[in-house]
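> File data34.pdb below, PDB, C-alpha atoms:
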```
ATOM      1  CA  MET A   1     -11.072  44.119  21.430  1.00  0.00           C
ATOM      2  CA  ILE A   2     -10.749  42.123  18.208  1.00  0.00           C
ATOM      3  CA  TYR A   3     -13.653  39.823  17.331  1.00  0.00           C
ATOM      4  CA  ILE A   4     -13.212  37.050  14.762  1.00  0.00           C
ATOM      5  CA  VAL A   5     -16.552  35.767  13.463  1.00  0.00           C
ATOM      6  CA  ALA A   6     -16.996  32.578  11.429  1.00  0.00           C
ATOM      7  CA  SER A   7     -19.937  30.316  10.663  1.00  0.00           C
ATOM      8  CA  LEU A   8     -18.516  26.848  11.319  1.00  0.00           C
ATOM      9  CA  LYS A   9     -16.162  25.208  13.800  1.00  0.00           C
ATOM     10  CA  LYS A  10     -14.134  23.883  10.852  1.00  0.00           C
ATOM     11  CA  GLU A  11     -13.368  27.454   9.804  1.00  0.00           C
ATOM     12  CA  ILE A  12     -11.780  28.370  13.144  1.00  0.00           C
ATOM     13  CA  GLU A  13     -10.228  25.065  14.274  1.00  0.00           C
ATOM     14  CA  ASP A  14      -6.692  26.024  13.230  1.00  0.00           C
ATOM     15  CA  ILE A  15      -7.069  29.473  14.818  1.00  0.00           C
ATOM     16  CA  LEU A  16      -7.966  27.799  18.122  1.00  0.00           C
ATOM     17  CA  LEU A  17      -4.881  25.560  17.807  1.00  0.00           C
ATOM     18  CA  LEU A  18      -2.684  28.668  17.628  1.00  0.00           C
ATOM     19  CA  SER A  19      -4.330  30.221  20.708  1.00  0.00           C
ATOM     20  CA  SER A  20      -3.917  29.928  24.472  1.00  0.00           C
ATOM     21  CA  LYS A  21      -5.984  30.602  27.606  1.00  0.00           C
ATOM     22  CA  ILE A  22      -9.211  29.639  25.841  1.00  0.00           C
ATOM     23  CA  LYS A  23     -12.485  30.177  27.709  1.00  0.00           C
ATOM     24  CA  LYS A  24     -15.661  29.012  25.985  1.00  0.00           C
ATOM     25  CA  TYR A  25     -19.173  30.328  26.598  1.00  0.00           C
ATOM     26  CA  ARG A  26     -22.473  30.306  24.729  1.00  0.00           C
ATOM     27  CA  ASP A  27     -25.423  32.579  23.990  1.00  0.00           C
ATOM     28  CA  LYS A  28     -28.207  30.395  22.574  1.00  0.00           C
ATOM     29  CA  ARG A  29     -26.753  28.973  19.302  1.00  0.00           C
ATOM     30  CA  THR A  30     -23.779  31.352  19.193  1.00  0.00           C
ATOM     31  CA  VAL A  31     -20.506  30.087  20.692  1.00  0.00           C
ATOM     32  CA  TYR A  32     -17.793  32.450  21.951  1.00  0.00           C
ATOM     33  CA  TYR A  33     -14.129  31.678  22.666  1.00  0.00           C
ATOM     34  CA  ARG A  34     -12.227  34.301  24.654  1.00  0.00           C
ATOM     35  CA  LEU A  35      -8.538  33.603  24.109  1.00  0.00           C
ATOM     36  CA  VAL A  36      -5.040  34.954  23.576  1.00  0.00           C
ATOM     37  CA  LEU A  37      -3.594  35.039  20.053  1.00  0.00           C
ATOM     38  CA  ASN A  38      -0.289  36.751  19.286  1.00  0.00           C
ATOM     39  CA  SER A  39      -0.209  38.089  22.857  1.00  0.00           C
ATOM     40  CA  LYS A  40      -3.532  39.868  22.265  1.00  0.00           C
ATOM     41  CA  GLU A  41      -6.838  39.093  23.923  1.00  0.00           C
ATOM     42  CA  VAL A  42      -9.306  38.148  21.193  1.00  0.00           C
ATOM     43  CA  VAL A  43     -12.849  36.789  20.975  1.00  0.00           C
ATOM     44  CA  VAL A  44     -13.609  34.132  18.358  1.00  0.00           C
ATOM     45  CA  VAL A  45     -17.298  33.652  17.539  1.00  0.00           C
ATOM     46  CA  LYS A  46     -19.024  30.701  15.834  1.00  0.00           C
ATOM     47  CA  SER A  47     -22.253  32.222  14.542  1.00  0.00           C
ATOM     48  CA  GLY A  48     -23.795  29.622  12.215  1.00  0.00           C
ATOM     49  CA  ILE A  49     -24.418  29.815   8.473  1.00  0.00           C
ATOM     50  CA  GLY A  50     -26.193  32.664   6.688  1.00  0.00           C
ATOM     51  CA  LYS A  51     -28.061  35.593   8.174  1.00  0.00           C
ATOM     52  CA  ARG A  52     -27.776  35.195  11.950  1.00  0.00           C
ATOM     53  CA  GLN A  53     -28.757  37.642  14.656  1.00  0.00           C
ATOM     54  CA  LEU A  54     -25.748  38.559  16.797  1.00  0.00           C
ATOM     55  CA  ASN A  55     -26.242  40.007  20.281  1.00  0.00           C
ATOM     56  CA  GLU A  56     -24.827  43.543  20.477  1.00  0.00           C
ATOM     57  CA  ASP A  57     -24.349  43.196  24.235  1.00  0.00           C
ATOM     58  CA  TYR A  58     -21.541  40.687  23.586  1.00  0.00           C
ATOM     59  CA  PHE A  59     -19.722  43.061  21.195  1.00  0.00           C
ATOM     60  CA  LYS A  60     -19.730  46.342  23.155  1.00  0.00           C
ATOM     61  CA  ASP A  61     -15.918  46.490  23.343  1.00  0.00           C
ATOM     62  CA  CYS A  62     -15.360  45.536  19.684  1.00  0.00           C
ATOM     63  CA  THR A  63     -12.798  47.710  17.855  1.00  0.00           C
ATOM     64  CA  LEU A  64     -12.149  45.379  14.906  1.00  0.00           C
ATOM     65  CA  PHE A  65     -14.659  42.916  13.456  1.00  0.00           C
ATOM     66  CA  ILE A  66     -12.949  40.235  11.353  1.00  0.00           C
ATOM     67  CA  SER A  67     -15.360  38.189   9.256  1.00  0.00           C
ATOM     68  CA  THR A  68     -13.721  34.966   8.135  1.00  0.00           C
ATOM     69  CA  GLY A  69     -14.457  31.487   6.875  1.00  0.00           C
ATOM     70  CA  PHE A  70     -14.716  29.672   3.578  1.00  0.00           C
ATOM     71  CA  CYS A  71     -15.875  31.267   0.339  1.00  0.00           C
ATOM     72  CA  GLY A  72     -16.550  30.090  -3.195  1.00  0.00           C
ATOM     73  CA  ALA A  73     -14.647  31.290  -6.250  1.00  0.00           C
ATOM     74  CA  LEU A  74     -16.647  33.018  -8.984  1.00  0.00           C
ATOM     75  CA  VAL A  75     -13.728  33.150 -11.438  1.00  0.00           C
ATOM     76  CA  PRO A  76     -11.349  30.406 -12.687  1.00  0.00           C
ATOM     77  CA  ASP A  77      -8.269  32.272 -11.474  1.00  0.00           C
ATOM     78  CA  LEU A  78      -9.074  31.778  -7.773  1.00  0.00           C
ATOM     79  CA  LYS A  79      -8.002  28.445  -6.292  1.00  0.00           C
ATOM     80  CA  THR A  80      -8.592  26.590  -3.023  1.00  0.00           C
ATOM     81  CA  GLY A  81      -6.586  28.230  -0.248  1.00  0.00           C
ATOM     82  CA  ASP A  82      -6.373  31.649  -1.892  1.00  0.00           C
ATOM     83  CA  ILE A  83      -7.275  34.518   0.440  1.00  0.00           C
ATOM     84  CA  VAL A  84      -9.879  37.106  -0.560  1.00  0.00           C
ATOM     85  CA  VAL A  85     -10.178  40.441   1.280  1.00  0.00           C
ATOM     86  CA  SER A  86     -13.461  42.123   0.351  1.00  0.00           C
ATOM     87  CA  SER A  87     -13.269  45.652  -1.061  1.00  0.00           C
ATOM     88  CA  CYS A  88     -17.019  45.866  -1.756  1.00  0.00           C
ATOM     89  CA  ILE A  89     -19.891  43.578  -0.784  1.00  0.00           C
ATOM     90  CA  TYR A  90     -22.789  42.944  -3.163  1.00  0.00           C
ATOM     91  CA  THR A  91     -26.061  41.198  -2.357  1.00  0.00           C
ATOM     92  CA  MET A  92     -29.652  40.800  -3.538  1.00  0.00           C
ATOM     93  CA  ASN A  93     -32.841  39.388  -2.072  1.00  0.00           C
ATOM     94  CA  SER A  94     -33.800  35.767  -2.494  1.00  0.00           C
ATOM     95  CA  ASP A  95     -36.520  36.337  -5.120  1.00  0.00           C
ATOM     96  CA  ASP A  96     -34.239  38.438  -7.325  1.00  0.00           C
ATOM     97  CA  TYR A  97     -31.469  35.869  -6.964  1.00  0.00           C
ATOM     98  CA  MET A  98     -33.652  32.936  -8.018  1.00  0.00           C
ATOM     99  CA  SER A  99     -35.194  34.888 -10.902  1.00  0.00           C
ATOM    100  CA  TYR A 100     -31.781  35.879 -12.210  1.00  0.00           C
ATOM    101  CA  ILE A 101     -30.242  32.413 -11.854  1.00  0.00           C
ATOM    102  CA  LYS A 102     -33.225  30.774 -13.574  1.00  0.00           C
ATOM    103  CA  GLY A 103     -33.151  33.391 -16.327  1.00  0.00           C
ATOM    104  CA  SER A 104     -36.751  34.503 -15.795  1.00  0.00           C
ATOM    105  CA  ARG A 105     -35.688  38.097 -15.091  1.00  0.00           C
ATOM    106  CA  GLY A 106     -32.902  40.050 -16.793  1.00  0.00           C
ATOM    107  CA  ARG A 107     -30.197  41.999 -14.982  1.00  0.00           C
ATOM    108  CA  GLU A 108     -31.932  45.316 -15.692  1.00  0.00           C
ATOM    109  CA  LYS A 109     -34.806  44.213 -13.401  1.00  0.00           C
ATOM    110  CA  ILE A 110     -32.614  42.932 -10.582  1.00  0.00           C
ATOM    111  CA  GLU A 111     -31.843  45.158  -7.591  1.00  0.00           C
ATOM    112  CA  VAL A 112     -28.248  44.607  -6.551  1.00  0.00           C
ATOM    113  CA  LEU A 113     -27.197  46.287  -3.296  1.00  0.00           C
ATOM    114  CA  ASN A 114     -23.595  47.128  -2.537  1.00  0.00           C
ATOM    115  CA  GLU A 115     -21.445  48.465   0.289  1.00  0.00           C
ATOM    116  CA  LYS A 116     -17.878  49.670  -0.228  1.00  0.00           C
ATOM    117  CA  ILE A 117     -15.608  48.464   2.566  1.00  0.00           C
ATOM    118  CA  ASP A 118     -13.269  51.073   4.038  1.00  0.00           C
ATOM    119  CA  THR A 119     -10.034  49.201   4.748  1.00  0.00           C
ATOM    120  CA  ASP A 120      -7.716  52.225   4.522  1.00  0.00           C
ATOM    121  CA  LYS A 121      -6.982  52.096   8.269  1.00  0.00           C
ATOM    122  CA  LEU A 122      -6.123  48.392   8.143  1.00  0.00           C
ATOM    123  CA  PRO A 123      -2.722  46.877   7.231  1.00  0.00           C
ATOM    124  CA  ILE A 124      -3.808  45.185   3.985  1.00  0.00           C
ATOM    125  CA  GLU A 125      -0.564  45.820   2.075  1.00  0.00           C
ATOM    126  CA  GLU A 126       1.491  44.633   5.062  1.00  0.00           C
ATOM    127  CA  LEU A 127      -0.707  41.540   5.227  1.00  0.00           C
ATOM    128  CA  LYS A 128       0.068  40.751   1.583  1.00  0.00           C
ATOM    129  CA  LYS A 129       3.792  41.135   2.205  1.00  0.00           C
ATOM    130  CA  ASN A 130       3.832  39.022   5.380  1.00  0.00           C
ATOM    131  CA  LEU A 131       1.787  35.994   4.314  1.00  0.00           C
ATOM    132  CA  TRP A 132       3.642  32.742   3.776  1.00  0.00           C
ATOM    133  CA  ASN A 133       5.039  32.074   0.337  1.00  0.00           C
ATOM    134  CA  GLY A 134       2.480  30.229  -1.736  1.00  0.00           C
ATOM    135  CA  ILE A 135      -0.592  31.857  -0.175  1.00  0.00           C
ATOM    136  CA  ARG A 136      -2.132  34.219  -2.674  1.00  0.00           C
ATOM    137  CA  ILE A 137      -4.210  37.172  -1.507  1.00  0.00           C
ATOM    138  CA  GLU A 138      -6.653  39.239  -3.557  1.00  0.00           C
ATOM    139  CA  THR A 139      -8.487  42.431  -2.571  1.00  0.00           C
ATOM    140  CA  ALA A 140     -11.694  42.267  -4.597  1.00  0.00           C
ATOM    141  CA  PRO A 141     -15.492  42.700  -4.622  1.00  0.00           C
ATOM    142  CA  THR A 142     -17.439  39.812  -3.102  1.00  0.00           C
ATOM    143  CA  PHE A 143     -21.065  38.679  -3.156  1.00  0.00           C
ATOM    144  CA  THR A 144     -23.211  37.606  -0.188  1.00  0.00           C
ATOM    145  CA  SER A 145     -25.761  35.157  -1.520  1.00  0.00           C
ATOM    146  CA  PRO A 146     -29.187  34.439   0.025  1.00  0.00           C
ATOM    147  CA  LYS A 147     -28.949  30.891  -1.398  1.00  0.00           C
ATOM    148  CA  VAL A 148     -26.246  28.267  -1.836  1.00  0.00           C
ATOM    149  CA  VAL A 149     -24.453  28.925  -5.139  1.00  0.00           C
ATOM    150  CA  LYS A 150     -24.350  25.399  -6.497  1.00  0.00           C
ATOM    151  CA  ASN A 151     -22.348  25.155  -9.703  1.00  0.00           C
ATOM    152  CA  ARG A 152     -20.154  26.728 -12.360  1.00  0.00           C
ATOM    153  CA  ARG A 153     -23.085  28.213 -14.294  1.00  0.00           C
ATOM    154  CA  GLU A 154     -24.466  30.043 -11.241  1.00  0.00           C
ATOM    155  CA  LYS A 155     -21.011  31.250 -10.214  1.00  0.00           C
ATOM    156  CA  ILE A 156     -20.247  32.672 -13.646  1.00  0.00           C
ATOM    157  CA  LYS A 157     -23.646  34.404 -13.822  1.00  0.00           C
ATOM    158  CA  LEU A 158     -23.014  36.129 -10.479  1.00  0.00           C
ATOM    159  CA  ASN A 159     -19.582  37.277 -11.620  1.00  0.00           C
ATOM    160  CA  GLU A 160     -21.064  38.659 -14.827  1.00  0.00           C
ATOM    161  CA  LEU A 161     -23.772  40.526 -12.910  1.00  0.00           C
ATOM    162  CA  THR A 162     -21.664  42.087 -10.145  1.00  0.00           C
ATOM    163  CA  GLY A 163     -17.972  41.682 -10.960  1.00  0.00           C
ATOM    164  CA  ALA A 164     -17.527  39.908  -7.613  1.00  0.00           C
ATOM    165  CA  LEU A 165     -14.716  37.342  -7.470  1.00  0.00           C
ATOM    166  CA  ALA A 166     -15.960  35.298  -4.503  1.00  0.00           C
ATOM    167  CA  VAL A 167     -19.213  34.368  -2.779  1.00  0.00           C
ATOM    168  CA  ASP A 168     -20.231  33.839   0.846  1.00  0.00           C
ATOM    169  CA  MET A 169     -23.506  33.822   2.795  1.00  0.00           C
ATOM    170  CA  GLU A 170     -22.749  36.134   5.739  1.00  0.00           C
ATOM    171  CA  ASP A 171     -20.581  39.175   5.044  1.00  0.00           C
ATOM    172  CA  TRP A 172     -23.350  41.595   4.063  1.00  0.00           C
ATOM    173  CA  TYR A 173     -25.141  41.016   7.383  1.00  0.00           C
ATOM    174  CA  ARG A 174     -21.956  41.064   9.439  1.00  0.00           C
ATOM    175  CA  TYR A 175     -20.922  44.365   7.859  1.00  0.00           C
ATOM    176  CA  GLN A 176     -24.288  45.941   8.716  1.00  0.00           C
ATOM    177  CA  PHE A 177     -23.823  44.733  12.300  1.00  0.00           C
ATOM    178  CA  ALA A 178     -20.280  46.150  12.487  1.00  0.00           C
ATOM    179  CA  LYS A 179     -21.553  49.520  11.201  1.00  0.00           C
ATOM    180  CA  LYS A 180     -24.062  49.629  14.055  1.00  0.00           C
ATOM    181  CA  LEU A 181     -21.246  48.928  16.486  1.00  0.00           C
ATOM    182  CA  GLY A 182     -19.104  51.678  14.954  1.00  0.00           C
ATOM    183  CA  CYS A 183     -16.029  49.441  14.689  1.00  0.00           C
ATOM    184  CA  ASP A 184     -13.585  48.665  11.887  1.00  0.00           C
ATOM    185  CA  PHE A 185     -14.567  45.759   9.622  1.00  0.00           C
ATOM    186  CA  ILE A 186     -12.626  43.426   7.384  1.00  0.00           C
ATOM    187  CA  SER A 187     -13.597  40.246   5.579  1.00  0.00           C
ATOM    188  CA  VAL A 188     -10.695  37.811   5.190  1.00  0.00           C
ATOM    189  CA  ARG A 189     -11.837  34.540   3.634  1.00  0.00           C
ATOM    190  CA  SER A 190     -10.230  31.488   2.100  1.00  0.00           C
ATOM    191  CA  VAL A 191     -11.489  29.906  -1.116  1.00  0.00           C
ATOM    192  CA  LEU A 192     -12.878  26.406  -0.582  1.00  0.00           C
ATOM    193  CA  ASP A 193     -14.810  25.542  -3.747  1.00  0.00           C
ATOM    194  CA  GLU A 194     -13.347  26.629  -7.054  1.00  0.00           C
ATOM    195  CA  VAL A 195     -15.511  27.828  -9.931  1.00  0.00           C
ATOM    196  CA  THR A 196     -15.692  24.314 -11.419  1.00  0.00           C
ATOM    197  CA  ASP A 197     -16.643  22.636  -8.113  1.00  0.00           C
ATOM    198  CA  ASP A 198     -20.274  21.723  -7.521  1.00  0.00           C
ATOM    199  CA  VAL A 199     -21.574  22.439  -4.019  1.00  0.00           C
ATOM    200  CA  PRO A 200     -23.767  19.625  -2.622  1.00  0.00           C
ATOM    201  CA  GLY A 201     -27.460  20.257  -1.950  1.00  0.00           C
ATOM    202  CA  PHE A 202     -30.530  18.325  -0.871  1.00  0.00           C
ATOM    203  CA  THR A 203     -31.720  17.827  -4.462  1.00  0.00           C
ATOM    204  CA  ASP A 204     -28.550  16.089  -5.663  1.00  0.00           C
ATOM    205  CA  GLY A 205     -29.732  12.553  -4.908  1.00  0.00           C
ATOM    206  CA  LEU A 206     -27.076   9.924  -5.573  1.00  0.00           C
ATOM    207  CA  LYS A 207     -24.530  12.557  -6.627  1.00  0.00           C
ATOM    208  CA  ILE A 208     -24.390  14.162  -3.188  1.00  0.00           C
ATOM    209  CA  GLY A 209     -21.765  11.762  -1.815  1.00  0.00           C
ATOM    210  CA  GLN A 210     -19.358  12.476  -4.657  1.00  0.00           C
ATOM    211  CA  LYS A 211     -19.806  16.238  -4.308  1.00  0.00           C
ATOM    212  CA  ILE A 212     -19.317  16.158  -0.534  1.00  0.00           C
ATOM    213  CA  ALA A 213     -16.148  14.069  -0.896  1.00  0.00           C
ATOM    214  CA  GLY A 214     -14.721  16.567  -3.370  1.00  0.00           C
ATOM    215  CA  ILE A 215     -15.322  19.540  -1.062  1.00  0.00           C
ATOM    216  CA  VAL A 216     -14.193  17.772   2.137  1.00  0.00           C
ATOM    217  CA  SER A 217     -10.857  16.877   0.551  1.00  0.00           C
ATOM    218  CA  LYS A 218     -10.083  20.608   0.225  1.00  0.00           C
ATOM    219  CA  ILE A 219     -11.065  21.765   3.716  1.00  0.00           C
ATOM    220  CA  GLY A 220      -7.665  21.284   5.383  1.00  0.00           C
ATOM    221  CA  HIS A 221      -5.863  23.559   2.919  1.00  0.00           C
ATOM    222  CA  SER A 222      -8.511  26.260   3.261  1.00  0.00           C
ATOM    223  CA  GLN A 223      -8.500  25.992   7.092  1.00  0.00           C
ATOM    224  CA  GLN A 224      -4.743  26.537   7.224  1.00  0.00           C
ATOM    225  CA  ALA A 225      -4.944  29.578   4.954  1.00  0.00           C
ATOM    226  CA  ILE A 226      -7.622  31.150   7.192  1.00  0.00           C
ATOM    227  CA  ALA A 227      -5.489  30.644  10.298  1.00  0.00           C
ATOM    228  CA  VAL A 228      -2.346  32.059   8.687  1.00  0.00           C
ATOM    229  CA  ALA A 229      -4.160  35.119   7.312  1.00  0.00           C
ATOM    230  CA  VAL A 230      -6.048  35.941  10.515  1.00  0.00           C
ATOM    231  CA  ASP A 231      -3.009  35.295  12.723  1.00  0.00           C
ATOM    232  CA  THR A 232      -0.890  37.613  10.554  1.00  0.00           C
ATOM    233  CA  LEU A 233      -3.573  40.318  10.468  1.00  0.00           C
ATOM    234  CA  ILE A 234      -3.836  40.346  14.269  1.00  0.00           C
ATOM    235  CA  LYS A 235      -0.069  40.535  14.573  1.00  0.00           C
ATOM    236  CA  LEU A 236      -0.030  43.610  12.312  1.00  0.00           C
ATOM    237  CA  TYR A 237      -3.126  45.400  13.694  1.00  0.00           C
TER     238      TYR A 237
END
```
Here is a file; write its structure as structure tokens.

Amino acid sequence: MIYIVASLKKEIEDILLLSSKIKKYRDKRTVYYRLVLNSKEVVVVKSGIGKRQLNEDYFKDCTLFISTGFCGALVPDLKTGDIVVSSCIYTMNSDDYMSYIKGSRGREKIEVLNEKIDTDKLPIEELKKNLWNGIRIETAPTFTSPKVVKNRREKIKLNELTGALAVDMEDWYRYQFAKKLGCDFISVRSVLDEVTDDVPGFTDGLKIGQKIAGIVSKIGHSQQAIAVAVDTLIKLY
């Protein structure tokens, strides 16, 4: 069984529109949609943002774990709607992250963890060939952040430290979960905020409305790219 896991309803809305025979159920804060996509029975999961505990009992028949959703660009070359398939996931703990971003601790004192993603059994090259014209796809290292990466300065610092091209807040944890299950794993994400976009936070005060408006205006394009990429991957798997 293929499981598609995302954090937010917005990230999977267009996938649900492409599906049929949808049955919805819930386990605490986690929402599951059992459905048919491309003539295949699939489970779509809305897990919530960041490190979330998934129930192994609901994933016993999982053969492919697709982690999807929005991500942030860490380099100027990536634009909203571009697809990033992770080849290696980097992460660090919250204290190291804050120390590095604030500049109170140099990179030589930061512990950066990494996991190489084995995608050899998955149709990545076929996915690149079969995506719609205009949708760009990159296979690249990514970074799972313990904190919201707020602005261009933070994004560039993370790229300099790890070489990652995009940032999310879930893939490291989802990959560890998929390893426990013994299933194939792939992260297929769509860029939402570009390297120059500020991400709104609680400390932004009067600027928060402007930042939210800028991000919201890009969501539709990123949603469509997620649906196209995931739909194509399932068709090829």
> Running the PyMOL selection byres ((chain A and resi 151) around 9) on this model by hand, what would come out? Give it as a PyMOL selection string.
chain A and resi 149-150+152-156+195-199
> Put the listed atoms of range 97-112 of chain A in a box along x, y and z with 6 Å added on every side and give me the centre and edge lengths in Å to one decimal, as JSON.

```
{"center_x": -32.5, "center_y": 38.0, "center_z": -11.7, "size_x": 20.5, "size_y": 26.5, "size_z": 22.2}
```
> Care to translate the PyMOL selection byres ((chain A and resi 117) around 7) into actual residues of this file, as a ChimeraX atom specification?
/A:87-88,115-116,118-119
> Which residue out of A:Lys28, A:Lys121, A:Arg136, A:Arg189 has the minimum interatomic distance to Ile226 in chain A when all atoms listed in the file are used?
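So, comparing all the options, the nearest one is A:Arg189.
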> Excluding Asp168 in chain A and residues on its chain fewer than 3 positions from it, collect all residues at most 10 Å away from it, counting all atoms listed in the file, and give them as number ranges by chain.
A: 49-50, 68-73, 89, 91, 142-149, 171-172, 189, 191
> Quick one: residues within 6 Å of range 1-17 of chain A, only C-alpha atoms, excluding same-chain residues fewer than 4 positions away - as a list in words?
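So the residues in contact are Val42, Val43, Val44, Val45, Lys46, Ser47, Gly48, Ile49, Asp61, Cys62, Thr63, Leu64, Phe65, Ile66, Ser67, Thr68, Gly69, Gln223 and Ala227 of chain A.
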> List the neighbours of Met98 in chain A out to 12 Å using only C-alpha atoms; skip same-chain residues closer than 3 positions along the sequence, and give me the result as a PyMOL selection string.
chain A and resi 92-95+101-107+110+145-149+154+157-158
> So the first atom is CA of Leu165 in chain A and the second is CA of Thr30 in chain A; what is the distance between them in Å, to one decimal place?
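Computing it gives 28.8 Å between the two atoms.
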> Which of these residues is nearest to Ala178 in chain A, using only C-alpha atoms: A:Lys23, A:Lys51, A:Arg34, A:Lys60?
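Comparing A:Lys23, A:Lys51, A:Arg34, A:Lys60 against Ala178 in chain A, the winner is A:Lys60.
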> From the list A:Ser222, A:Asn130, A:Ser19, A:Ser217, which residue is nearest Thr80 in chain A when using all atoms listed in the file?
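Of A:Ser222, A:Asn130, A:Ser19, A:Ser217, the one nearest Thr80 in chain A is A:Ser222, counting all atoms listed in the file.
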> Just how far from CA of Pro123 in chain A is CA of Asp184 in chain A, in Å to one decimal?
12.0 Å
> Taking all atoms listed in the file into account, name the residue in A:Asp27, A:Glu56, A:Glu194, A:Glu160 that is nearest to Tyr100 in chain A.
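Selected residue with least distance to Tyr100 in chain A: A:Glu160.
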> Restricting the calculation to only C-alpha atoms: of A:Asp96, A:Glu138, A:Phe59, A:Asn159, which residue gets closest to Cys183 in chain A?
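Closest residue, counting only C-alpha atoms: A:Phe59.
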> Can you list what the PyMOL selection byres ((chain A and resi 127) around 8) grabs from this structure, as a PyMOL selection string?
chain A and resi 123-126+128-131+229+232-233+236
> Would you please work out which residue, of A:Ile22, A:Val112, A:Leu161, A:Ile137, is nearest to Leu78 in chain A when using all atoms listed in the file?
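Using all atoms listed in the file, Leu78 in chain A sits closest to A:Ile137.
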